[in-house]
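Content type compact mmCIF, C-alpha atoms, from the file entry-v4.txt:
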# COMPACT_ATOMS: atom_id res chain seq x y z
CA MET Q 14 0.00 0.00 0.00
CA LYS Q 15 1.24 3.44 -0.92
CA CYS Q 16 -0.49 6.78 -0.58
CA VAL Q 17 0.59 10.42 -0.74
CA VAL Q 18 -1.17 13.27 1.09
CA THR Q 19 -0.36 16.85 0.15
CA GLY Q 20 -1.26 20.39 1.19
CA GLY Q 21 -3.95 21.02 3.77
CA ASN Q 22 -5.03 17.37 3.72
CA VAL Q 23 -1.97 16.53 5.83
CA LYS Q 24 -3.45 18.55 8.69
CA VAL Q 25 -6.85 16.90 8.12
CA LEU Q 26 -5.19 13.50 8.49
CA GLY Q 27 -3.49 14.71 11.66
CA ARG Q 28 -6.81 15.90 13.11
CA ALA Q 29 -8.33 12.49 12.40
CA VAL Q 30 -5.51 10.76 14.28
CA HIS Q 31 -5.98 13.13 17.23
CA SER Q 32 -9.69 12.34 17.29
CA LEU Q 33 -9.05 8.58 17.22
CA SER Q 34 -6.47 8.86 19.99
CA ARG Q 35 -9.22 9.96 22.39
CA ILE Q 36 -10.86 6.55 22.04
CA GLY Q 37 -8.43 3.63 21.67
CA ASP Q 38 -4.83 2.64 22.27
CA GLU Q 39 -4.41 0.86 18.91
CA LEU Q 40 -4.92 2.14 15.38
CA TYR Q 41 -6.21 -0.26 12.73
CA LEU Q 42 -5.27 0.48 9.10
CA GLU Q 43 -7.06 -1.18 6.21
CA PRO Q 44 -6.41 -0.16 2.60
CA THR Q 45 -9.36 -0.97 0.35
CA GLU Q 46 -10.62 -0.02 -3.08
CA SER Q 47 -12.91 2.53 -1.40
CA GLY Q 48 -9.96 4.22 0.30
CA LEU Q 49 -7.83 4.05 3.42
CA SER Q 50 -9.72 3.16 6.59
CA LEU Q 51 -8.45 4.18 10.04
CA ARG Q 52 -10.32 2.59 12.95
CA THR Q 53 -10.04 2.15 16.68
CA VAL Q 54 -12.00 0.79 19.64
CA ASN Q 55 -11.60 1.44 23.35
CA SER Q 56 -10.58 -1.22 25.86
CA SER Q 57 -14.12 -1.74 27.15
CA ARG Q 58 -15.55 -2.13 23.62
CA SER Q 59 -18.05 0.66 24.34
CA ALA Q 60 -16.74 3.13 21.74
CA PHE Q 61 -15.80 2.57 18.09
CA ALA Q 62 -14.63 5.11 15.51
CA SER Q 63 -13.90 4.82 11.80
CA PHE Q 64 -12.42 7.30 9.32
CA LEU Q 65 -12.58 6.35 5.65
CA PHE Q 66 -10.49 8.54 3.32
CA ALA Q 67 -11.54 8.19 -0.32
CA PRO Q 68 -8.89 7.87 -3.07
CA LEU Q 69 -9.64 11.47 -4.12
CA PHE Q 70 -8.33 12.62 -0.73
CA PHE Q 71 -4.83 11.53 -1.76
CA GLN Q 72 -2.59 12.78 -4.50
CA LEU Q 73 -1.59 9.15 -5.06
CA TYR Q 74 -3.40 6.11 -3.69
CA ASP Q 75 -2.48 2.50 -4.40
CA ALA Q 76 -3.98 -0.22 -2.22
CA GLY Q 77 -1.36 -2.62 -3.55
CA GLY Q 78 -1.51 -6.20 -4.74
CA ALA Q 79 -4.33 -8.06 -6.41
CA PRO Q 80 -7.88 -7.46 -5.12
CA SER Q 81 -7.98 -10.95 -3.62
CA ASP Q 82 -4.76 -10.37 -1.66
CA ARG Q 83 -5.59 -6.98 -0.15
CA GLU Q 84 -7.13 -8.55 2.91
CA LEU Q 85 -3.61 -9.54 4.04
CA PHE Q 86 -2.66 -5.88 4.36
CA ARG Q 87 -4.76 -5.17 7.42
CA CYS Q 88 -2.61 -4.20 10.35
CA LYS Q 89 -2.63 -2.35 13.64
CA VAL Q 90 -0.07 -0.07 15.28
CA HIS Q 91 0.21 1.54 18.68
CA MET Q 92 -1.78 4.75 18.78
CA LYS Q 93 0.89 6.69 20.67
CA SER Q 94 3.50 5.83 18.06
CA PHE Q 95 1.32 7.01 15.18
CA LEU Q 96 0.08 10.04 17.08
CA GLY Q 97 3.64 11.17 17.73
CA ILE Q 98 4.12 11.75 14.01
CA PHE Q 99 1.21 14.22 13.90
CA ARG Q 100 1.61 15.57 17.41
CA SER Q 101 1.88 19.27 16.50
CA LEU Q 102 -0.91 20.29 14.13
CA PRO Q 103 0.32 23.91 13.69
CA SER Q 104 3.74 22.57 12.72
CA LEU Q 105 2.19 20.28 10.12
CA GLU Q 106 0.40 23.19 8.50
CA LYS Q 107 3.44 25.45 8.43
CA THR Q 108 6.29 23.07 7.58
CA VAL Q 109 4.96 19.84 6.02
CA TRP Q 110 3.84 19.92 2.40
CA LYS Q 111 3.69 16.18 1.66
CA CYS Q 112 3.15 12.99 3.62
CA LEU Q 113 4.01 9.54 2.27
CA ILE Q 114 2.51 6.43 3.89
CA LEU Q 115 4.01 3.14 2.78
CA LEU Q 116 3.02 -0.29 4.08
CA LYS Q 117 5.65 -3.04 3.78
CA PRO Q 118 4.13 -6.41 4.76
CA ARG Q 119 7.33 -8.40 4.23
CA ALA Q 120 9.36 -6.13 6.50
CA SER Q 121 6.45 -5.71 8.95
CA ARG Q 122 6.98 -1.99 8.85
CA LEU Q 123 4.70 0.98 8.31
CA VAL Q 124 6.77 3.84 6.89
CA VAL Q 125 5.55 7.42 7.26
CA GLN Q 126 7.60 10.16 5.63
CA LEU Q 127 7.01 13.87 6.21
CA HIS Q 128 8.49 16.08 3.50
CA CYS Q 129 9.07 19.47 5.07
CA LYS Q 130 10.35 22.81 3.84
CA TYR Q 131 14.01 23.42 2.99
CA GLY Q 132 14.41 19.80 1.84
CA VAL Q 133 14.00 18.23 5.29
CA THR Q 134 12.51 14.71 5.29
CA LYS Q 135 11.40 12.96 8.48
CA THR Q 136 11.07 9.18 8.20
CA HIS Q 137 9.24 7.10 10.80
CA ASN Q 138 9.39 3.29 10.74
CA LEU Q 139 6.62 1.75 12.84
CA ALA Q 140 6.24 -1.93 13.63
CA PHE Q 141 2.77 -3.33 13.06
CA HIS Q 142 0.84 -6.53 13.73
CA GLU Q 143 -1.42 -8.34 11.33
CA CYS Q 144 -5.03 -8.39 12.48
CA GLU Q 145 -8.57 -9.18 11.47
CA ARG Q 146 -10.99 -6.57 10.24
CA LEU Q 147 -12.39 -4.32 12.96
CA GLN Q 148 -16.03 -3.49 12.29
CA ALA Q 149 -18.98 -2.51 14.49
CA VAL Q 150 -22.45 -3.79 13.69
CA PHE Q 151 -24.93 -0.93 13.39
CA ASN Q 152 -27.59 0.31 11.00
CA THR Q 153 -28.55 3.97 11.10
CA GLN Q 154 -31.71 3.23 9.09
CA HIS Q 155 -33.18 1.38 12.07
CA CYS Q 156 -32.76 4.34 14.43
CA ALA Q 157 -36.01 6.02 15.42
CA SER Q 158 -34.48 9.50 15.97
CA ARG Q 159 -32.20 11.59 13.80
CA LEU Q 160 -30.59 14.98 14.32
CA CYS Q 161 -28.34 17.00 12.03
CA ALA Q 162 -26.68 20.25 13.03
CA PRO Q 163 -23.56 22.26 12.24
CA ALA Q 164 -20.67 21.11 14.39
CA ARG Q 165 -20.19 24.67 15.62
CA VAL Q 166 -23.63 24.67 17.28
CA LEU Q 167 -22.94 21.49 19.23
CA ALA Q 168 -19.39 22.55 20.08
CA GLU Q 169 -20.64 25.82 21.56
CA ALA Q 170 -23.21 23.85 23.54
CA VAL Q 171 -20.84 21.34 25.18
CA VAL Q 172 -18.33 24.07 26.06
CA HIS Q 173 -20.56 24.89 29.04
CA PHE Q 174 -19.85 21.49 30.58
CA PRO Q 175 -16.64 20.97 32.58
CA GLN Q 176 -13.84 18.88 31.11
CA THR Q 177 -14.15 16.43 34.00
CA LEU Q 178 -17.76 15.58 33.14
CA ALA Q 179 -18.04 11.95 32.10
CA GLU Q 180 -21.54 11.62 30.62
CA VAL Q 181 -24.13 13.92 29.10
CA THR Q 182 -27.82 13.33 28.42
CA LEU Q 183 -29.39 14.39 25.13
CA GLY Q 184 -33.17 14.59 25.07
CA ALA Q 185 -36.08 15.74 22.93
CA GLY Q 186 -38.41 18.31 24.48
CA PRO Q 187 -41.66 19.97 23.46
CA GLY Q 188 -41.77 22.09 20.35
CA GLY Q 189 -38.87 20.31 18.71
CA LYS Q 190 -36.37 21.62 21.27
CA ILE Q 191 -33.29 19.55 22.09
CA SER Q 192 -31.77 19.53 25.55
CA LEU Q 193 -28.27 18.75 26.79
CA ARG Q 194 -27.83 18.02 30.47
CA ASN Q 195 -25.06 16.63 32.63
CA TYR Q 196 -25.84 13.14 33.86
CA VAL Q 197 -26.38 12.86 37.61
CA GLU Q 198 -26.20 9.58 39.51
CA ASP Q 199 -29.34 8.48 41.33
CA GLU Q 200 -27.38 8.03 44.53
CA MET Q 201 -26.27 11.67 44.63
CA GLU Q 202 -28.08 14.16 46.83
CA PRO Q 203 -29.87 16.83 44.77
CA SER Q 204 -28.91 19.57 47.21
CA LYS Q 205 -25.19 18.83 46.73
CA THR Q 206 -25.23 18.36 42.98
CA MET Q 207 -24.79 21.02 40.31
CA VAL Q 208 -26.99 20.48 37.26
CA THR Q 209 -26.21 22.18 33.94
CA GLU Q 210 -28.91 22.06 31.30
CA LEU Q 211 -29.33 24.00 28.09
CA TRP Q 212 -31.92 23.93 25.32
CA LEU Q 213 -31.38 24.30 21.59
CA ALA Q 214 -34.21 25.54 19.41
CA GLU Q 215 -35.38 23.55 16.42
CA ASP Q 216 -34.11 26.17 13.97
CA GLU Q 217 -30.55 25.56 15.24
CA PHE Q 218 -30.62 22.17 13.52
CA GLN Q 219 -30.69 21.29 9.86
CA THR Q 220 -32.80 18.19 10.49
CA VAL Q 221 -34.92 17.26 13.51
CA ALA Q 222 -36.74 13.93 13.36
CA VAL Q 223 -36.88 12.62 16.93
CA ALA Q 224 -39.34 10.59 18.96
CA PRO Q 225 -41.14 12.78 21.52
CA GLY Q 226 -39.67 12.42 24.98
CA SER Q 227 -36.72 10.33 23.81
CA HIS Q 228 -33.38 10.67 25.58
CA ILE Q 229 -29.98 8.97 25.70
CA THR Q 230 -26.91 9.25 27.91
CA PHE Q 231 -23.43 8.77 26.45
CA CYS Q 232 -19.79 9.56 27.21
CA LEU Q 233 -18.69 13.11 26.51
CA LYS Q 234 -14.95 12.60 26.04
CA GLU Q 235 -15.18 10.76 22.72
CA PHE Q 236 -17.94 13.09 21.54
CA ARG Q 237 -15.73 16.13 22.16
CA GLY Q 238 -12.98 14.60 20.03
CA LEU Q 239 -15.32 14.15 17.06
CA LEU Q 240 -16.75 17.65 17.52
CA THR Q 241 -13.27 19.15 17.36
CA PHE Q 242 -12.59 17.41 14.06
CA ALA Q 243 -16.02 18.26 12.61
CA GLU Q 244 -15.80 21.92 13.59
CA ALA Q 245 -12.31 22.31 12.11
CA SER Q 246 -13.46 20.58 8.91
CA ASN Q 247 -16.70 22.64 8.78
CA LEU Q 248 -18.86 19.53 8.39
CA PRO Q 249 -22.40 19.00 9.73
CA LEU Q 250 -22.78 16.29 12.35
CA THR Q 251 -25.64 13.77 12.20
CA ILE Q 252 -26.81 11.90 15.31
CA HIS Q 253 -28.70 8.61 14.97
CA TYR Q 254 -30.15 7.09 18.13
CA ASP Q 255 -32.91 4.84 19.39
CA VAL Q 256 -34.07 3.85 22.87
CA PRO Q 257 -31.71 4.14 25.87
CA GLY Q 258 -29.32 1.20 25.99
CA ARG Q 259 -28.84 0.95 22.24
CA PRO Q 260 -25.72 2.50 20.66
CA VAL Q 261 -25.81 6.04 19.32
CA VAL Q 262 -24.13 6.67 15.96
CA PHE Q 263 -22.51 9.98 14.98
CA THR Q 264 -21.71 10.43 11.28
CA LEU Q 265 -19.82 12.93 9.11
CA ASP Q 266 -20.19 12.71 5.33
CA ASP Q 267 -18.11 14.43 2.69
CA THR Q 268 -17.06 13.74 -0.88
CA VAL Q 269 -13.64 12.47 0.23
CA LEU Q 270 -14.32 11.48 3.83
CA GLU Q 271 -16.74 9.29 5.79
CA VAL Q 272 -16.68 9.20 9.59
CA HIS Q 273 -18.60 7.00 12.04
CA LEU Q 274 -18.49 7.15 15.82
CA VAL Q 275 -20.48 4.52 17.74
CA LEU Q 276 -20.92 5.01 21.49
CA ALA Q 277 -22.63 2.92 24.12
CA THR Q 278 -25.56 4.54 25.92
CA LEU Q 279 -26.81 4.18 29.46
CA SER Q 280 -29.61 1.65 29.67
CA ASP Q 281 -32.91 2.62 31.23
CA PRO Q 282 -34.95 -0.44 32.35
CA GLU Q 283 -38.07 1.68 32.94
CA SER Q 284 -38.23 2.92 29.36
CA SER Q 285 -37.15 -0.33 27.73
CA LEU Q 286 -39.62 -1.35 25.05
CA GLN Q 287 -38.46 -4.95 24.81
CA PRO Q 288 -37.64 -7.37 27.62
CA PRO Q 289 -33.95 -8.30 27.68
CA PRO Q 290 -33.05 -11.84 26.59
CA ALA Q 291 -32.08 -14.40 29.17
CA ASN Q 292 -28.38 -14.15 28.42
CA GLY Q 293 -28.40 -10.39 27.88
CA VAL Q 294 -27.41 -10.64 24.21
CA SER Q 295 -29.39 -9.12 21.37
CA HIS Q 296 -29.06 -10.52 17.85
CA LEU Q 297 -25.92 -12.53 18.52
CA PRO Q 298 -24.31 -13.66 15.25
CA ALA Q 299 -22.54 -16.97 15.05
CA PRO Q 300 -18.87 -16.42 15.89
CA SER Q 301 -15.89 -18.08 14.31
CA ASP Q 302 -14.79 -21.40 15.81
CA ASP Q 303 -11.07 -20.83 15.33
CA PHE Q 304 -10.93 -17.66 17.36
CA ALA Q 305 -8.02 -17.35 19.78
CA ASP Q 306 -7.09 -13.92 21.14
CA ASP Q 307 -7.39 -11.89 17.95
CA LEU Q 308 -10.30 -9.55 17.41
CA GLU Q 309 -13.25 -10.79 15.40
CA SER Q 310 -14.45 -8.99 12.31
CA TYR Q 311 -17.65 -7.79 13.90
CA MET Q 312 -18.97 -6.34 17.12
CA ILE Q 313 -22.30 -6.92 18.85
CA ALA Q 314 -24.34 -5.11 21.45
CA MET Q 315 -24.58 -6.71 24.86
CA GLU Q 316 -26.76 -5.77 27.78
CA THR Q 317 -24.34 -6.06 30.69
CA SER Q 318 -27.03 -5.33 33.23
CA ALA Q 319 -28.94 -8.50 32.26
CA TYR Q 320 -25.98 -10.81 32.82
CA GLU Q 321 -26.88 -14.02 34.55
CA GLU Q 322 -24.60 -16.11 36.66
CA GLY Q 323 -23.31 -19.17 34.85
CA SER Q 324 -24.04 -17.88 31.33
CA GLY Q 325 -20.35 -17.94 30.44
CA VAL Q 326 -20.40 -14.31 29.28
CA PRO Q 327 -17.56 -12.21 30.66
CA PRO Q 328 -18.53 -8.86 32.20
CA SER Q 329 -17.72 -5.49 30.68
CA PRO Q 330 -14.69 -3.75 32.17
CA THR Q 331 -16.75 -0.55 32.49
CA SER Q 332 -19.98 -2.01 33.80
CA PRO Q 333 -20.68 -4.02 36.94
CA LEU Q 334 -23.10 -6.89 36.84
CA ARG Q 335 -26.30 -7.02 38.81
CA THR Q 336 -26.60 -10.42 40.45
CA PRO Q 337 -30.23 -11.57 40.41
CA HIS Q 338 -31.65 -11.96 43.90
CA PRO Q 339 -33.62 -15.09 44.84
CA ALA Q 340 -37.33 -14.86 45.55
CA GLU Q 341 -36.82 -15.60 49.24
CA SER Q 342 -33.68 -14.48 50.98
CA ASP Q 343 -32.41 -14.72 54.50
CA PRO Q 344 -31.86 -11.33 56.25
CA GLU Q 345 -28.52 -12.55 57.58
CA GLU Q 346 -27.37 -13.43 54.07
CA GLU Q 347 -28.45 -9.99 52.84
CA GLU Q 348 -26.38 -8.33 55.56
CA GLU Q 349 -23.35 -10.41 54.61
CA GLU Q 350 -23.79 -9.46 50.96
CA GLU Q 351 -24.00 -5.76 51.87
CA GLU Q 352 -20.82 -6.04 53.93
CA GLU Q 353 -19.02 -7.73 51.03
CA GLU Q 354 -20.16 -4.96 48.64
CA GLU Q 355 -18.89 -2.30 51.04
CA GLU Q 356 -15.52 -4.04 51.30
CA GLU Q 357 -15.27 -4.21 47.49
CA GLU Q 358 -16.06 -0.49 47.19
CA GLU Q 359 -13.43 0.38 49.81
CA GLY Q 360 -10.81 -1.69 48.01
CA ALA Q 361 -11.62 -0.29 44.57
CA VAL Q 362 -8.71 1.04 42.55
CA PRO Q 363 -8.77 4.84 42.07
CA GLY Q 364 -9.80 5.84 38.59
CA THR Q 365 -12.10 2.83 38.13
CA PRO Q 366 -15.10 3.76 35.97
CA PRO Q 367 -18.32 4.32 37.93
CA HIS Q 368 -20.89 1.55 38.30
CA LYS Q 369 -23.36 2.12 35.49
CA LYS Q 370 -25.59 -0.09 33.41
CA PHE Q 371 -23.97 0.67 30.05
CA ARG Q 372 -24.70 -1.32 26.95
CA SER Q 373 -21.20 -2.08 25.73
CA LEU Q 374 -20.02 -3.19 22.33
CA PHE Q 375 -18.34 -6.57 22.45
CA PHE Q 376 -16.78 -8.77 19.84
CA GLY Q 377 -18.90 -11.77 19.03
CA SER Q 378 -16.14 -14.23 19.70
CA VAL Q 379 -16.20 -13.36 23.38
CA LEU Q 380 -19.75 -14.66 23.56
CA MET Q 381 -19.23 -18.05 22.00
CA PRO Q 382 -22.19 -20.29 22.87
CA GLY Q 383 -21.26 -23.44 24.69
CA GLY Q 384 -17.90 -21.97 25.59
CA PRO Q 385 -15.95 -23.06 28.62
CA GLY Q 386 -17.57 -21.99 31.86
CA PRO Q 387 -15.86 -20.87 35.03
CA ALA Q 388 -12.93 -22.96 36.14
CA PRO Q 389 -13.96 -25.64 38.65
CA THR Q 390 -12.89 -25.20 42.20
CA GLN Q 391 -9.51 -26.83 42.72
CA GLU Q 392 -8.97 -29.38 45.45
CA VAL Q 393 -7.51 -27.88 48.60
CA LEU Q 394 -4.22 -29.56 49.34
CA ALA Q 395 -3.42 -27.65 52.54
CA GLU Q 396 -6.11 -26.11 54.68
CA ASP Q 397 -5.80 -22.73 56.38
CA SER Q 398 -3.90 -23.16 59.63
CA ASP Q 399 -4.59 -19.73 61.11
CA GLY Q 400 -7.02 -21.21 63.63
CA GLU Q 401 -4.63 -23.95 64.77
CA TYR Q 402 -2.25 -23.42 67.64
Would you mind writing the file's structure down as C-alpha cells?
Amino acid sequence: MKCVVTGGNVKVLGRAVHSLSRIGDELYLEPTESGLSLRTVNSSRSAFASFLFAPLFFQLYDAGGAPSDRELFRCKVHMKSFLGIFRSLPSLEKTVWKCLILLKPRASRLVVQLHCKYGVTKTHNLAFHECERLQAVFNTQHCASRLCAPARVLAEAVVHFPQTLAEVTLGAGPGGKISLRNYVEDEMEPSKTMVTELWLAEDEFQTVAVAPGSHITFCLKEFRGLLTFAEASNLPLTIHYDVPGRPVVFTLDDTVLEVHLVLATLSDPESSLQPPPANGVSHLPAPSDDFADDLESYMIAMETSAYEEGSGVPPSPTSPLRTPHPAESDPEEEEEEEEEEEEEEEGAVPGTPPHKKFRSLFFGSVLMPGGPGPAPTQEVLAEDSDGEY
C-alpha cells in the first residue's frame, strides 16, 4: 500500500488521528478499493470510531496487490506511536507539504515520511501486527431518531460542561427543542449536585426527526474529540439514536471522507420497550470457531445489566453486573452481601469507571455459545492453619 497526502489534507489527516487517539490505544489500518480506513475501539468495547479517506483525498493512492490479496494488508499499530508523528498540528500546516505512507508487509513496517520545507525529510518506521478486520455492527436506518446540526452549534453547547464531566444526556423536548444536560447519579443528593442544562431551538438544527420524549446518555470525552474534528473541517454532524441502551451513531459525510463514531448509551430499564433476553445478548451472530485472542471482524451489542450467573459471558470492564436476587432471601445473608459490597467499594482502585448499566459493544467471539464456563474449584491440598495453635 502506498499513498501520498499533500497540502492542507496533511493537517486533516493529523486531526483524524488526534480524534481517534481519544478513544483507543491501537490504530487499525485497512487499505481498500474505497480508500484508506483508520479505525479504533476502546478497551471496554463501548466506543468505536472509523475514518474512511476516499482515493480522491490523496494525490496518489495504491492499495497494492491483487484485489484478492488486499485482505492480508490489514494491520494495527500503537496509537501513541502514530500520534507522535502528527503531534503538532500547527507545525504540520506550516512546515509539512507532503506525507508519504508506505506499508511493507514483508518487512512488517509501516513507513511514514514527512516532506518538510528546505528539503528536510522525516522518516518514521513503525512496527505493526497483522489483524482481522475491525467493524462494528450498526444500522442507522433502524434508528427512530435523527438529528443533524452544524458542528459549531454542538461545540458551543458542550463548552458549558466541565472537562471532567463523564456523561451527558441528550433529550427531545416539546416544540422540537433539544436539551443537553449533565448526567447525575441516582445516589447523589440533589442539594449537593450542580446540574447544567441547556436547550437548543429547532431552527438551530438542519434536520430534527426525533421521537417525543426520547433521551440517551453517552460519554462526553469521545464526543468532544469528534466535535473538534467536525468543527475544524466545517462539516455537519448527524446523530442517529434509538431507545436508551442501544448504541448512538454519529456520522460525518463528505465527498472524500466518511466518519462513524459509535458510542454505548446508558440503559434505562423503565423505558425499555423490549424485555432483555435471558443471556443479555441481542441478535448474537454466530462467531468463528477458530478464534483465539485476535479480534473478530464484527462487534455486537450486549446488555451487561442483564448478565446471569453461569451464562459464560464475561462482564464489561466498564460495567458491573447485577446479580439476580432469589425470591426468598435470608436477612442474615443480605447483611453479609451488603458487607461484602462495602468491602469491594473500599478496596476499589482509584480511577475505576463508575458503576453504570452501560450497553457495551463486544466482539462476538467473546460470547461463543457453549464456551468453557468458570474454572472448577480446585482441590484444597493444605487447609488454612490460622485457627490452629
Shortest contact to Asp216 in chain Q, candidates Q:Gly184, Q:Tyr74, Q:Phe64, Q:Gly189, atoms counted only C-alpha atoms, goes to Q:Gly189
Residues proximal to (-4.5, 13.8, -2.2) were defined as those with any atom within 9 Å of that point in the file's coordinates, counting all atoms listed in the file. Which are they, as a PyMOL selection string? chain Q and resi 16-20+22-23+68-74
For the selection you just gave me, I'd like the residues written to a file as a PDB file, in the frame of the given file, keeping C-alpha atoms.
ATOM      1  CA  CYS Q  16      -0.490   6.780  -0.580  1.00  0.00           C
ATOM      2  CA  VAL Q  17       0.590  10.420  -0.740  1.00  0.00           C
ATOM      3  CA  VAL Q  18      -1.170  13.270   1.090  1.00  0.00           C
ATOM      4  CA  THR Q  19      -0.360  16.850   0.150  1.00  0.00           C
ATOM      5  CA  GLY Q  20      -1.260  20.390   1.190  1.00  0.00           C
ATOM      6  CA  ASN Q  22      -5.030  17.370   3.720  1.00  0.00           C
ATOM      7  CA  VAL Q  23      -1.970  16.530   5.830  1.00  0.00           C
ATOM      8  CA  PRO Q  68      -8.890   7.870  -3.070  1.00  0.00           C
ATOM      9  CA  LEU Q  69      -9.640  11.470  -4.120  1.00  0.00           C
ATOM     10  CA  PHE Q  70      -8.330  12.620  -0.730  1.00  0.00           C
ATOM     11  CA  PHE Q  71      -4.830  11.530  -1.760  1.00  0.00           C
ATOM     12  CA  GLN Q  72      -2.590  12.780  -4.500  1.00  0.00           C
ATOM     13  CA  LEU Q  73      -1.590   9.150  -5.060  1.00  0.00           C
ATOM     14  CA  TYR Q  74      -3.400   6.110  -3.690  1.00  0.00           C
TER      15      TYR Q  74
END
Report as a ChimeraX atom specification all protein, DNA and RNA residues lying within 10 Å of Val133 in chain Q, evaluated on only C-alpha atoms, omitting residues in the same chain fewer than 4 positions from it. /Q:108-109,127-129
Mind giving me the straight-line distance from CA of Glu271 in chain Q to CA of Val25 in chain Q in Å, one decimal? 12.7 Å
Hey, could you make a per-residue contact list for range 122-191 of chain Q against range 85-91 of chain Q with 8 Å as the cut-off, showing the nearest pair of atoms and its distance in Å to one decimal, counting all atoms listed in the file, sorted by chain and number, as CSV?
residue,atom,partner,partner_atom,distance
Q:Leu139,CA,Q:Val90,CA,7.3
Q:Ala140,CA,Q:Val90,CA,6.8
Q:Phe141,CA,Q:Val90,CA,4.9
Q:His142,CA,Q:Cys88,CA,5.4
Q:Glu143,CA,Q:Cys88,CA,4.4
Q:Cys144,CA,Q:Cys88,CA,5.3
Q:Glu145,CA,Q:Arg87,CA,6.9
Q:Arg146,CA,Q:Arg87,CA,7.0
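For the pair CA of Leu49 in chain Q and CA of Leu65 in chain Q, the interatomic distance is 5.7 Å.
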Applying 9 Å and all atoms listed in the file, which residues near Phe99 in chain Q remain after dropping the ones on its own chain fewer than 4 positions away? List them as a PDB file with C-alpha atoms, in the frame of the given file.
ATOM      1  CA  VAL Q  23      -1.970  16.530   5.830  1.00  0.00           C
ATOM      2  CA  LYS Q  24      -3.450  18.550   8.690  1.00  0.00           C
ATOM      3  CA  LEU Q  26      -5.190  13.500   8.490  1.00  0.00           C
ATOM      4  CA  GLY Q  27      -3.490  14.710  11.660  1.00  0.00           C
ATOM      5  CA  ARG Q  28      -6.810  15.900  13.110  1.00  0.00           C
ATOM      6  CA  VAL Q  30      -5.510  10.760  14.280  1.00  0.00           C
ATOM      7  CA  HIS Q  31      -5.980  13.130  17.230  1.00  0.00           C
ATOM      8  CA  PHE Q  95       1.320   7.010  15.180  1.00  0.00           C
ATOM      9  CA  SER Q 104       3.740  22.570  12.720  1.00  0.00           C
ATOM     10  CA  LEU Q 105       2.190  20.280  10.120  1.00  0.00           C
TER      11      LEU Q 105
END
